[in-house]
>>> print(open('final_26.pdb').read())   # PDB, C-alpha atoms and all ligand atoms
MODEL        1
ATOM      1  CA  MET A  23     189.163 217.374 222.341
ATOM      2  CA  ILE A  24     189.428 220.420 224.584
ATOM      3  CA  VAL A  25     189.012 219.694 228.291
ATOM      4  CA  VAL A  26     187.813 222.797 230.127
ATOM      5  CA  LEU A  27     188.167 222.820 233.912
ATOM      6  CA  ILE A  28     185.885 225.167 235.783
ATOM      7  CA  GLY A  29     185.268 225.812 239.470
ATOM      8  CA  TYR A  30     185.591 228.274 242.300
ATOM      9  CA  MET A  31     188.890 229.908 243.280
ATOM     10  CA  ALA A  32     191.280 227.322 244.740
ATOM     11  CA  SER A  33     189.199 224.325 243.651
ATOM     12  CA  GLY A  34     192.305 223.045 241.856
ATOM     13  CA  LYS A  35     191.767 224.091 238.223
ATOM     14  CA  THR A  36     195.376 225.104 237.591
ATOM     15  CA  SER A  37     197.155 222.334 239.467
ATOM     16  CA  ILE A  38     194.823 219.526 238.328
ATOM     17  CA  GLY A  39     194.838 220.920 234.783
ATOM     18  CA  LYS A  40     198.630 220.721 234.560
ATOM     19  CA  LYS A  41     198.701 217.126 235.805
ATOM     20  CA  LEU A  42     195.845 216.062 233.539
ATOM     21  CA  ALA A  43     197.447 217.632 230.459
ATOM     22  CA  ASN A  44     200.681 215.875 231.273
ATOM     23  CA  LYS A  45     198.923 212.525 231.584
ATOM     24  CA  LEU A  46     196.997 212.985 228.308
ATOM     25  CA  SER A  47     200.005 214.483 226.476
ATOM     26  CA  TYR A  48     197.884 217.541 225.737
ATOM     27  CA  ASP A  49     199.035 221.147 225.903
ATOM     28  CA  PHE A  50     198.001 223.042 229.004
ATOM     29  CA  ILE A  51     196.605 226.569 228.994
ATOM     30  CA  ASP A  52     195.571 228.537 232.055
ATOM     31  CA  LEU A  53     193.374 231.488 231.161
ATOM     32  CA  ASP A  54     194.585 233.613 234.107
ATOM     33  CA  ASP A  55     198.223 232.958 233.140
ATOM     34  CA  LEU A  56     197.466 233.762 229.488
ATOM     35  CA  ILE A  57     195.978 237.118 230.473
ATOM     36  CA  GLU A  58     198.969 237.832 232.730
ATOM     37  CA  GLU A  59     201.346 237.102 229.820
ATOM     38  CA  LYS A  60     199.424 239.280 227.356
ATOM     39  CA  GLU A  61     199.019 242.148 229.813
ATOM     40  CA  LYS A  62     202.495 241.745 231.314
ATOM     41  CA  LEU A  63     200.779 242.296 234.669
ATOM     42  CA  SER A  64     199.503 239.972 237.395
ATOM     43  CA  VAL A  65     195.731 239.435 237.632
ATOM     44  CA  THR A  66     195.778 241.523 240.818
ATOM     45  CA  GLN A  67     197.575 244.359 239.014
ATOM     46  CA  VAL A  68     195.126 244.204 236.086
ATOM     47  CA  PHE A  69     192.205 244.483 238.536
ATOM     48  CA  LYS A  70     193.906 247.424 240.281
ATOM     49  CA  SER A  71     195.128 249.415 237.309
ATOM     50  CA  LYS A  72     192.532 248.645 234.620
ATOM     51  CA  GLY A  73     189.539 247.436 236.632
ATOM     52  CA  GLU A  74     187.480 244.251 236.750
ATOM     53  CA  VAL A  75     185.367 245.162 233.696
ATOM     54  CA  TYR A  76     188.519 245.350 231.558
ATOM     55  CA  PHE A  77     189.684 242.000 233.006
ATOM     56  CA  ARG A  78     186.309 240.348 232.227
ATOM     57  CA  ASN A  79     186.458 241.639 228.678
ATOM     58  CA  GLN A  80     189.964 240.254 228.103
ATOM     59  CA  GLU A  81     188.948 236.971 229.730
ATOM     60  CA  HIS A  82     186.018 236.670 227.302
ATOM     61  CA  LEU A  83     188.142 237.487 224.224
ATOM     62  CA  HIS A  84     190.926 235.051 225.157
ATOM     63  CA  LEU A  85     188.434 232.284 225.973
ATOM     64  CA  LYS A  86     186.858 232.604 222.515
ATOM     65  CA  GLU A  87     190.252 232.730 220.838
ATOM     66  CA  VAL A  88     191.572 229.609 222.589
ATOM     67  CA  LEU A  89     188.393 227.575 221.980
ATOM     68  CA  SER A  90     188.293 228.440 218.296
ATOM     69  CA  SER A  91     191.964 227.976 217.477
ATOM     70  CA  LYS A  92     193.275 225.013 219.488
ATOM     71  CA  ASN A  93     192.737 221.287 219.922
ATOM     72  CA  ASN A  94     194.063 218.614 222.273
ATOM     73  CA  ILE A  95     194.420 220.971 225.171
ATOM     74  CA  VAL A  96     193.422 221.176 228.782
ATOM     75  CA  LEU A  97     192.167 224.695 229.494
ATOM     76  CA  SER A  98     191.780 225.857 233.075
ATOM     77  CA  VAL A  99     189.641 228.969 233.174
ATOM     78  CA  GLY A 100     189.413 231.551 235.957
ATOM     79  CA  GLY A 101     187.017 231.083 238.859
ATOM     80  CA  GLY A 102     184.682 233.720 237.448
ATOM     81  CA  THR A 103     184.984 232.911 233.745
ATOM     82  CA  PRO A 104     181.789 230.804 233.423
ATOM     83  CA  CYS A 105     179.752 233.518 235.145
ATOM     84  CA  TYR A 106     180.350 236.478 232.776
ATOM     85  CA  SER A 107     179.305 237.373 229.215
ATOM     86  CA  ASN A 108     177.998 234.267 227.467
ATOM     87  CA  ASN A 109     181.138 232.338 228.403
ATOM     88  CA  MET A 110     179.387 229.243 229.748
ATOM     89  CA  ASP A 111     177.224 229.015 226.603
ATOM     90  CA  ILE A 112     180.359 229.226 224.472
ATOM     91  CA  ILE A 113     181.943 226.433 226.522
ATOM     92  CA  VAL A 114     178.983 224.024 226.552
ATOM     93  CA  ASN A 115     177.954 224.600 222.935
ATOM     94  CA  ASN A 116     181.395 223.818 221.490
ATOM     95  CA  ILE A 117     181.284 220.186 220.326
ATOM     96  CA  LYS A 118     185.040 219.750 220.842
ATOM     97  CA  VAL A 119     184.737 220.696 224.514
ATOM     98  CA  LYS A 120     184.316 218.428 227.536
ATOM     99  CA  SER A 121     183.611 220.689 230.496
ATOM    100  CA  ILE A 122     184.341 219.572 234.036
ATOM    101  CA  TYR A 123     183.246 221.316 237.240
ATOM    102  CA  LEU A 124     185.702 220.671 240.066
ATOM    103  CA  LYS A 125     183.185 220.872 242.887
ATOM    104  CA  ALA A 126     184.609 221.709 246.310
ATOM    105  CA  SER A 127     182.676 222.338 249.542
ATOM    106  CA  ILE A 128     182.640 225.680 251.342
ATOM    107  CA  THR A 129     184.769 224.108 254.097
ATOM    108  CA  THR A 130     187.448 222.898 251.663
ATOM    109  CA  LEU A 131     187.511 226.238 249.839
ATOM    110  CA  THR A 132     187.646 228.271 253.064
ATOM    111  CA  GLU A 133     190.605 226.265 254.363
ATOM    112  CA  LYS A 134     192.554 226.695 251.124
ATOM    113  CA  LEU A 135     191.663 230.302 250.496
ATOM    114  CA  MET A 136     192.634 231.478 253.992
ATOM    115  CA  ARG A 137     196.154 230.266 253.157
ATOM    116  CA  LYS A 138     196.292 231.548 249.556
ATOM    117  CA  LYS A 139     194.241 234.686 249.333
ATOM    118  CA  ALA A 140     196.949 237.284 248.625
ATOM    119  CA  GLN A 141     197.018 236.797 244.822
ATOM    120  CA  ARG A 142     193.226 236.648 244.559
ATOM    121  CA  PRO A 143     191.902 240.211 244.355
ATOM    122  CA  LEU A 144     188.266 239.367 245.124
ATOM    123  CA  ILE A 145     189.052 237.878 248.547
ATOM    124  CA  ALA A 146     192.432 239.342 249.573
ATOM    125  CA  HIS A 147     190.758 241.747 252.009
ATOM    126  CA  ILE A 148     188.857 239.094 254.012
ATOM    127  CA  GLU A 149     190.457 238.560 257.424
ATOM    128  CA  THR A 150     188.709 235.906 259.493
ATOM    129  CA  GLU A 151     187.826 232.328 258.634
ATOM    130  CA  ALA A 152     184.153 232.977 259.499
ATOM    131  CA  ALA A 153     184.009 235.982 257.150
ATOM    132  CA  MET A 154     185.712 233.959 254.410
ATOM    133  CA  ALA A 155     183.208 231.096 254.774
ATOM    134  CA  GLU A 156     180.311 233.543 254.639
ATOM    135  CA  PHE A 157     181.674 235.289 251.536
ATOM    136  CA  ILE A 158     182.318 231.987 249.737
ATOM    137  CA  GLY A 159     178.854 230.679 250.649
ATOM    138  CA  LYS A 160     177.086 233.683 249.141
ATOM    139  CA  HIS A 161     179.396 233.882 246.129
ATOM    140  CA  LEU A 162     179.036 230.172 245.347
ATOM    141  CA  PHE A 163     175.268 230.447 245.632
ATOM    142  CA  GLU A 164     175.352 232.980 242.771
ATOM    143  CA  ARG A 165     177.852 230.990 240.737
ATOM    144  CA  VAL A 166     176.715 227.348 240.988
ATOM    145  CA  GLN A 167     173.993 227.922 238.409
ATOM    146  CA  PHE A 168     176.806 228.450 235.876
ATOM    147  CA  TYR A 169     179.209 225.807 237.198
ATOM    148  CA  ASN A 170     176.464 223.158 237.237
ATOM    149  CA  GLN A 171     176.005 223.493 233.482
ATOM    150  CA  ALA A 172     179.283 221.592 233.015
ATOM    151  CA  GLU A 173     178.969 218.230 231.294
ATOM    152  CA  ILE A 174     180.794 216.466 234.126
ATOM    153  CA  VAL A 175     180.545 217.414 237.810
ATOM    154  CA  LEU A 176     183.281 215.975 240.010
ATOM    155  CA  THR A 177     183.485 216.326 243.785
ATOM    156  CA  VAL A 178     187.079 216.988 244.837
ATOM    157  CA  ASP A 179     186.852 217.175 248.645
ATOM    158  CA  ASN A 180     189.345 214.941 250.469
ATOM    159  CA  LYS A 181     190.797 213.558 247.241
ATOM    160  CA  THR A 182     194.445 213.810 246.226
ATOM    161  CA  LYS A 183     195.322 215.560 242.979
ATOM    162  CA  GLY A 184     196.298 212.160 241.551
ATOM    163  CA  ASP A 185     192.886 210.685 242.483
ATOM    164  CA  ILE A 186     191.100 213.586 240.825
ATOM    165  CA  VAL A 187     193.099 213.197 237.609
ATOM    166  CA  GLU A 188     192.273 209.465 237.561
ATOM    167  CA  ASP A 189     188.558 210.206 238.151
ATOM    168  CA  ILE A 190     188.553 212.709 235.285
ATOM    169  CA  ILE A 191     190.198 210.261 232.882
ATOM    170  CA  LEU A 192     187.635 207.577 233.774
ATOM    171  CA  LYS A 193     184.804 210.018 233.021
ATOM    172  CA  LEU A 194     186.319 211.298 229.780
ATOM    173  CA  PHE A 195     186.983 207.995 228.016
TER
HETATM  174  N1  LIG A 201     193.139 217.827 245.713
HETATM  175  C1  LIG A 201     194.043 218.639 246.268
HETATM  176  N2  LIG A 201     194.750 218.254 247.351
HETATM  177  C2  LIG A 201     195.641 219.079 247.938
HETATM  178  N3  LIG A 201     195.923 220.336 247.512
HETATM  179  C3  LIG A 201     195.282 220.770 246.437
HETATM  180  C4  LIG A 201     194.300 219.968 245.741
HETATM  181  N4  LIG A 201     193.822 220.686 244.691
HETATM  182  C5  LIG A 201     194.467 221.873 244.749
HETATM  183  N5  LIG A 201     195.339 221.924 245.771
HETATM  184  C6  LIG A 201     196.177 223.096 246.153
HETATM  185  O1  LIG A 201     195.280 224.164 246.409
HETATM  186  C7  LIG A 201     195.802 225.390 245.913
HETATM  187  C8  LIG A 201     194.816 225.993 244.921
HETATM  188  O2  LIG A 201     194.801 225.205 243.734
HETATM  189  P1  LIG A 201     194.823 225.878 242.281
HETATM  190  O3  LIG A 201     195.718 227.071 242.243
HETATM  191  O4  LIG A 201     195.097 224.771 241.334
HETATM  192  O5  LIG A 201     193.304 226.370 242.193
HETATM  193  P2  LIG A 201     192.571 227.201 241.056
HETATM  194  O6  LIG A 201     191.235 226.568 240.934
HETATM  195  O7  LIG A 201     193.449 227.266 239.856
HETATM  196  O8  LIG A 201     192.381 228.655 241.693
HETATM  197  P3  LIG A 201     192.178 230.100 240.939
HETATM  198  O9  LIG A 201     190.758 230.185 240.479
HETATM  199  O10 LIG A 201     192.443 231.097 242.000
HETATM  200  O11 LIG A 201     193.120 230.143 239.799
HETATM  201  C9  LIG A 201     197.160 225.068 245.303
HETATM  202  O12 LIG A 201     198.161 225.352 246.262
HETATM  203  C10 LIG A 201     197.069 223.578 245.022
HETATM  204  O13 LIG A 201     198.343 222.956 245.060
HETATM  205  O1  LIG A 202     186.650 233.953 240.866
HETATM  206  C1  LIG A 202     187.004 234.952 240.210
HETATM  207  O2  LIG A 202     186.189 235.822 239.828
HETATM  208  C2  LIG A 202     188.426 235.076 239.838
HETATM  209  C3  LIG A 202     189.219 233.973 239.908
HETATM  210  C4  LIG A 202     190.642 233.951 239.464
HETATM  211  O3  LIG A 202     190.892 232.747 238.764
HETATM  212  C5  LIG A 202     190.974 235.155 238.580
HETATM  213  O4  LIG A 202     190.446 235.005 237.284
HETATM  214  C6  LIG A 202     190.465 236.429 239.209
HETATM  215  O5  LIG A 202     191.112 236.587 240.444
HETATM  216  C7  LIG A 202     188.930 236.401 239.395
HETATM  217 MG    MG A 203     194.197 228.922 238.795
ENDMDL
END
>>> encode(input="final_26.pdb", output="structure tokens", more="lines below")
Ligand SMILES: Nc1ncnc2c1ncn2[C@@H]1O[C@H](COP(=O)(O)OP(=O)(O)OP(=O)(O)O)[C@@H](O)[C@H]1O
Ligand SMILES: O=C(O)C1=C[C@@H](O)[C@@H](O)[C@H](O)C1
Ligand SMILES: [Mg+2]
Amino acid sequence: MIVVLIGYMASGKTSIGKKLANKLSYDFIDLDDLIEEKEKLSVTQVFKSKGEVYFRNQEHLHLKEVLSSKNNIVLSVGGGTPCYSNNMDIIVNNIKVKSIYLKASITTLTEKLMRKKAQRPLIAHIETEAAMAEFIGKHLFERVQFYNQAEIVLTVDNKTKGDIVEDIILKLF
């Protein structure tokens, strides 16, 4: 089985993914980290020096490679991964894959992203909480059509990471 965690920036894909993999004794792969390793640059630097189109292309290639070559892994993808190329089709049509949307509210995401926006090139420039909430609202509206295609949709607001991992395990088995 390959568990694929999807969701907006800061919904918890990386941190929940690591904990879940640990609990299942699966390997953990984070698509953003994989791209950073291959490029020897941070995601922000890739966006700056090579552009978003290049990043999206690499993201697509690495997603396909991981899904076709590995098993017993938890894969956390980037916040935008499901929304480009045919990435969401590739995820949902792979019979080994269980896809999970970590669904967080605009309020939860705004709170988190105001604190941790520096390494996230798409939102680093947003200054006020009101502007952040407005940006996330519009962006999510475009993206939920992809996120909602996940096999499992799990609300994460006001839950601890441990609770979320337990909820995922209950839904998977
Ligand atoms: N349920 C939770 N309770 C408390 N803190 C959380 C929870 N989920 C995530 N966090 C914290 O929120 C921050 C963002 O989480 P994380 O980096 O895992 O998100 P992400 O979905 O991987 O984001 P990105 O798309 O930018 O990679 C981290 O500091 C993480 O520790
Ligand atoms: O939501 C997005 O489009 C992104 C999310 C991050 O995980 C990174 O993949 C990158 O910053 C783009
Ligand atoms: Mg992440």
>>> resolve_selection(input="final_26.pdb", expression="the PyMOL selection byres (((chain A and resi 48-50) around 8) and not hetatm)", output="mmCIF file with C-alpha atoms, keeping the file's coordinate frame")
data_model
loop_
_atom_site.group_PDB
_atom_site.id
_atom_site.type_symbol
_atom_site.label_atom_id
_atom_site.label_comp_id
_atom_site.auth_asym_id
_atom_site.auth_seq_id
_atom_site.Cartn_x
_atom_site.Cartn_y
_atom_site.Cartn_z
ATOM 1 C CA GLY A 39 194.838 220.920 234.783
ATOM 2 C CA LYS A 40 198.630 220.721 234.560
ATOM 3 C CA ALA A 43 197.447 217.632 230.459
ATOM 4 C CA ASN A 44 200.681 215.875 231.273
ATOM 5 C CA LYS A 45 198.923 212.525 231.584
ATOM 6 C CA LEU A 46 196.997 212.985 228.308
ATOM 7 C CA SER A 47 200.005 214.483 226.476
ATOM 8 C CA ILE A 51 196.605 226.569 228.994
ATOM 9 C CA ASP A 52 195.571 228.537 232.055
ATOM 10 C CA ASN A 94 194.063 218.614 222.273
ATOM 11 C CA ILE A 95 194.420 220.971 225.171
ATOM 12 C CA VAL A 96 193.422 221.176 228.782
ATOM 13 C CA LEU A 97 192.167 224.695 229.494
ATOM 14 C CA SER A 98 191.780 225.857 233.075
#
>>> residues_near_ligand(input="final_26.pdb", ligand="ligand LIG 202 (chain A)", cutoff="7 Å", atoms="only C-alpha atoms and all ligand atoms", output="list in words")
Tyr30, Met31, Asp54, Val65, Thr66, Val99, Gly100, Gly101, Gly102, Thr103, Arg142, Pro143 and Leu144 of chain A
>>> closest_atom_pairs(input="final_26.pdb", of="chain A", to="ligand LIG 201 (chain A)", cutoff="9 Å", atoms="all atoms listed in the file", output="tab-separated table")
residue	atom	partner	partner_atom	distance
A:Leu27	CA	A:LIG201	O6	8.5
A:Ile28	CA	A:LIG201	O6	7.6
A:Gly29	CA	A:LIG201	O6	6.2
A:Tyr30	CA	A:LIG201	O9	5.8
A:Met31	CA	A:LIG201	O9	3.4
A:Ala32	CA	A:LIG201	O5	3.4
A:Ser33	CA	A:LIG201	O6	4.1
A:Gly34	CA	A:LIG201	O4	3.3
A:Lys35	CA	A:LIG201	O6	3.7
A:Thr36	CA	A:LIG201	O7	3.7
A:Ser37	CA	A:LIG201	O4	3.7
A:Ile38	CA	A:LIG201	O4	6.1
A:Gly39	CA	A:LIG201	O4	7.6
A:Lys40	CA	A:LIG201	O4	8.6
A:Asp52	CA	A:LIG201	O7	8.2
A:Leu53	CA	A:LIG201	O11	8.7
A:Asp54	CA	A:LIG201	O11	6.8
A:Asp55	CA	A:LIG201	O11	8.8
A:Ser98	CA	A:LIG201	O7	7.1
A:Val99	CA	A:LIG201	O9	7.5
A:Gly100	CA	A:LIG201	O9	4.9
A:Gly101	CA	A:LIG201	O9	4.2
A:Gly102	CA	A:LIG201	O9	7.7
A:Leu124	CA	A:LIG201	O6	8.1
A:Leu131	CA	A:LIG201	O1	8.7
A:Lys134	CA	A:LIG201	O1	6.0
A:Leu135	CA	A:LIG201	C8	7.7
A:Arg137	CA	A:LIG201	O12	8.7
A:Lys138	CA	A:LIG201	C7	7.2
A:Lys139	CA	A:LIG201	O10	8.4
A:Gln141	CA	A:LIG201	O10	7.8
A:Arg142	CA	A:LIG201	O10	6.2
A:Val178	CA	A:LIG201	N1	6.2
A:Asp179	CA	A:LIG201	N1	7.0
A:Asn180	CA	A:LIG201	N1	6.7
A:Lys181	CA	A:LIG201	N1	5.1
A:Thr182	CA	A:LIG201	N1	4.3
A:Lys183	CA	A:LIG201	N1	4.2
A:Gly184	CA	A:LIG201	N1	7.7
A:Asp185	CA	A:LIG201	N1	7.8
A:Ile186	CA	A:LIG201	N1	6.8
>>> resolve_selection(input="final_26.pdb", expression="the PyMOL selection byres (((chain A and resi 122) around 7) and not hetatm)", output="list in words")
Val26, Leu27, Ile28, Lys120, Ser121, Tyr123, Leu124, Ala172, Glu173, Ile174 and Val175 of chain A
>>> closest_residue(input="final_26.pdb", among="A:His84, A:Lys92, A:Lys125, A:Lys193", to="Tyr169 of chain A", atoms="all atoms listed in the file")
A:Lys125
>>> atom_distance(input="final_26.pdb", atom1="atom CA of Ile158 of chain A", atom2="atom CA of Lys70 of chain A")
21.5 Å
>>> residues_around(input="final_26.pdb", residues="Gln167 of chain A", least_positions_apart="4", cutoff="12 Å", atoms="only C-alpha atoms", output="ChimeraX atom specification")
/A:29,104-105,110,123,161-163,171-172
>>> axis_aligned_box(input="final_26.pdb", around="segment 99-112 of chain A", padding_each_side="3 Å", output="lines of an AutoDock Vina configuration file")
center_x = 183.4
center_y = 233.2
center_z = 231.7
size_x = 18.4
size_y = 14.4
size_z = 20.4
>>> atom_distance(input="final_26.pdb", atom1="atom CA of Tyr76 of chain A", atom2="atom CA of Asn116 of chain A")
24.8 Å
>>> atom_distance(input="final_26.pdb", atom1="atom CA of Glu151 of chain A", atom2="atom CA of Phe69 of chain A")
23.9 Å
>>> closest_residue(input="final_26.pdb", among="A:Leu42, A:Leu83, A:Ile190, A:Ile128", to="Asn109 of chain A", atoms="all atoms listed in the file")
A:Leu83
>>> closest_residue(input="final_26.pdb", among="A:Val114, A:Ile57, A:Leu89, A:Ile24", to="ligand MG 203 (chain A)", atoms="all atoms listed in the file")
A:Ile57
>>> closest_residue(input="final_26.pdb", among="A:Val166, A:Gly159, A:Arg78, A:Glu133", to="Asn108 of chain A", atoms="all atoms listed in the file")
A:Arg78
>>> closest_residue(input="final_26.pdb", among="A:Ala126, A:Val119, A:Ile145, A:Leu56", to="ligand MG 203 (chain A)", atoms="only C-alpha atoms and all ligand atoms")
A:Leu56
>>> closest_residue(input="final_26.pdb", among="A:Met136, A:Thr129, A:Thr150, A:Glu58", to="ligand MG 203 (chain A)", atoms="only C-alpha atoms and all ligand atoms")
A:Glu58
>>> build_atoms(input="final_26.pdb", residues="segment 122-139 of chain A", atoms="N, CA and C atoms", output="compact mmCIF listing (two decimals), keeping the file's coordinate frame")
# COMPACT_ATOMS: atom_id res chain seq x y z
N ILE A 122 184.32 220.27 232.75
CA ILE A 122 184.34 219.57 234.04
C ILE A 122 184.32 220.59 235.17
N TYR A 123 183.33 220.45 236.05
CA TYR A 123 183.25 221.32 237.24
C TYR A 123 183.93 220.61 238.41
N LEU A 124 185.02 221.19 238.88
CA LEU A 124 185.70 220.67 240.07
C LEU A 124 184.98 221.24 241.28
N LYS A 125 184.11 220.40 241.86
CA LYS A 125 183.18 220.87 242.89
C LYS A 125 183.79 220.67 244.28
N ALA A 126 184.04 221.77 244.96
CA ALA A 126 184.61 221.71 246.31
C ALA A 126 183.63 222.34 247.29
N SER A 127 183.60 221.82 248.53
CA SER A 127 182.68 222.34 249.54
C SER A 127 183.17 223.68 250.08
N ILE A 128 182.27 224.39 250.74
CA ILE A 128 182.64 225.68 251.34
C ILE A 128 183.78 225.47 252.35
N THR A 129 183.72 224.38 253.10
CA THR A 129 184.77 224.11 254.10
C THR A 129 186.13 223.93 253.43
N THR A 130 186.18 223.11 252.38
CA THR A 130 187.45 222.90 251.66
C THR A 130 187.97 224.22 251.10
N LEU A 131 187.09 224.98 250.48
CA LEU A 131 187.51 226.24 249.84
C LEU A 131 187.98 227.24 250.89
N THR A 132 187.27 227.31 252.01
CA THR A 132 187.65 228.27 253.06
C THR A 132 189.04 227.96 253.58
N GLU A 133 189.29 226.68 253.86
CA GLU A 133 190.60 226.26 254.36
C GLU A 133 191.71 226.69 253.41
N LYS A 134 191.52 226.40 252.12
CA LYS A 134 192.55 226.70 251.12
C LYS A 134 192.72 228.19 250.93
N LEU A 135 191.59 228.87 250.85
CA LEU A 135 191.66 230.30 250.50
C LEU A 135 192.18 231.16 251.64
N MET A 136 192.04 230.72 252.88
CA MET A 136 192.63 231.48 253.99
C MET A 136 194.15 231.48 253.84
N ARG A 137 194.70 230.38 253.30
CA ARG A 137 196.15 230.27 253.16
C ARG A 137 196.65 230.98 251.91
N LYS A 138 195.80 231.07 250.86
CA LYS A 138 196.29 231.55 249.56
C LYS A 138 195.42 232.67 249.01
N LYS A 139 195.16 233.67 249.82
CA LYS A 139 194.24 234.69 249.33
C LYS A 139 194.95 235.89 248.71
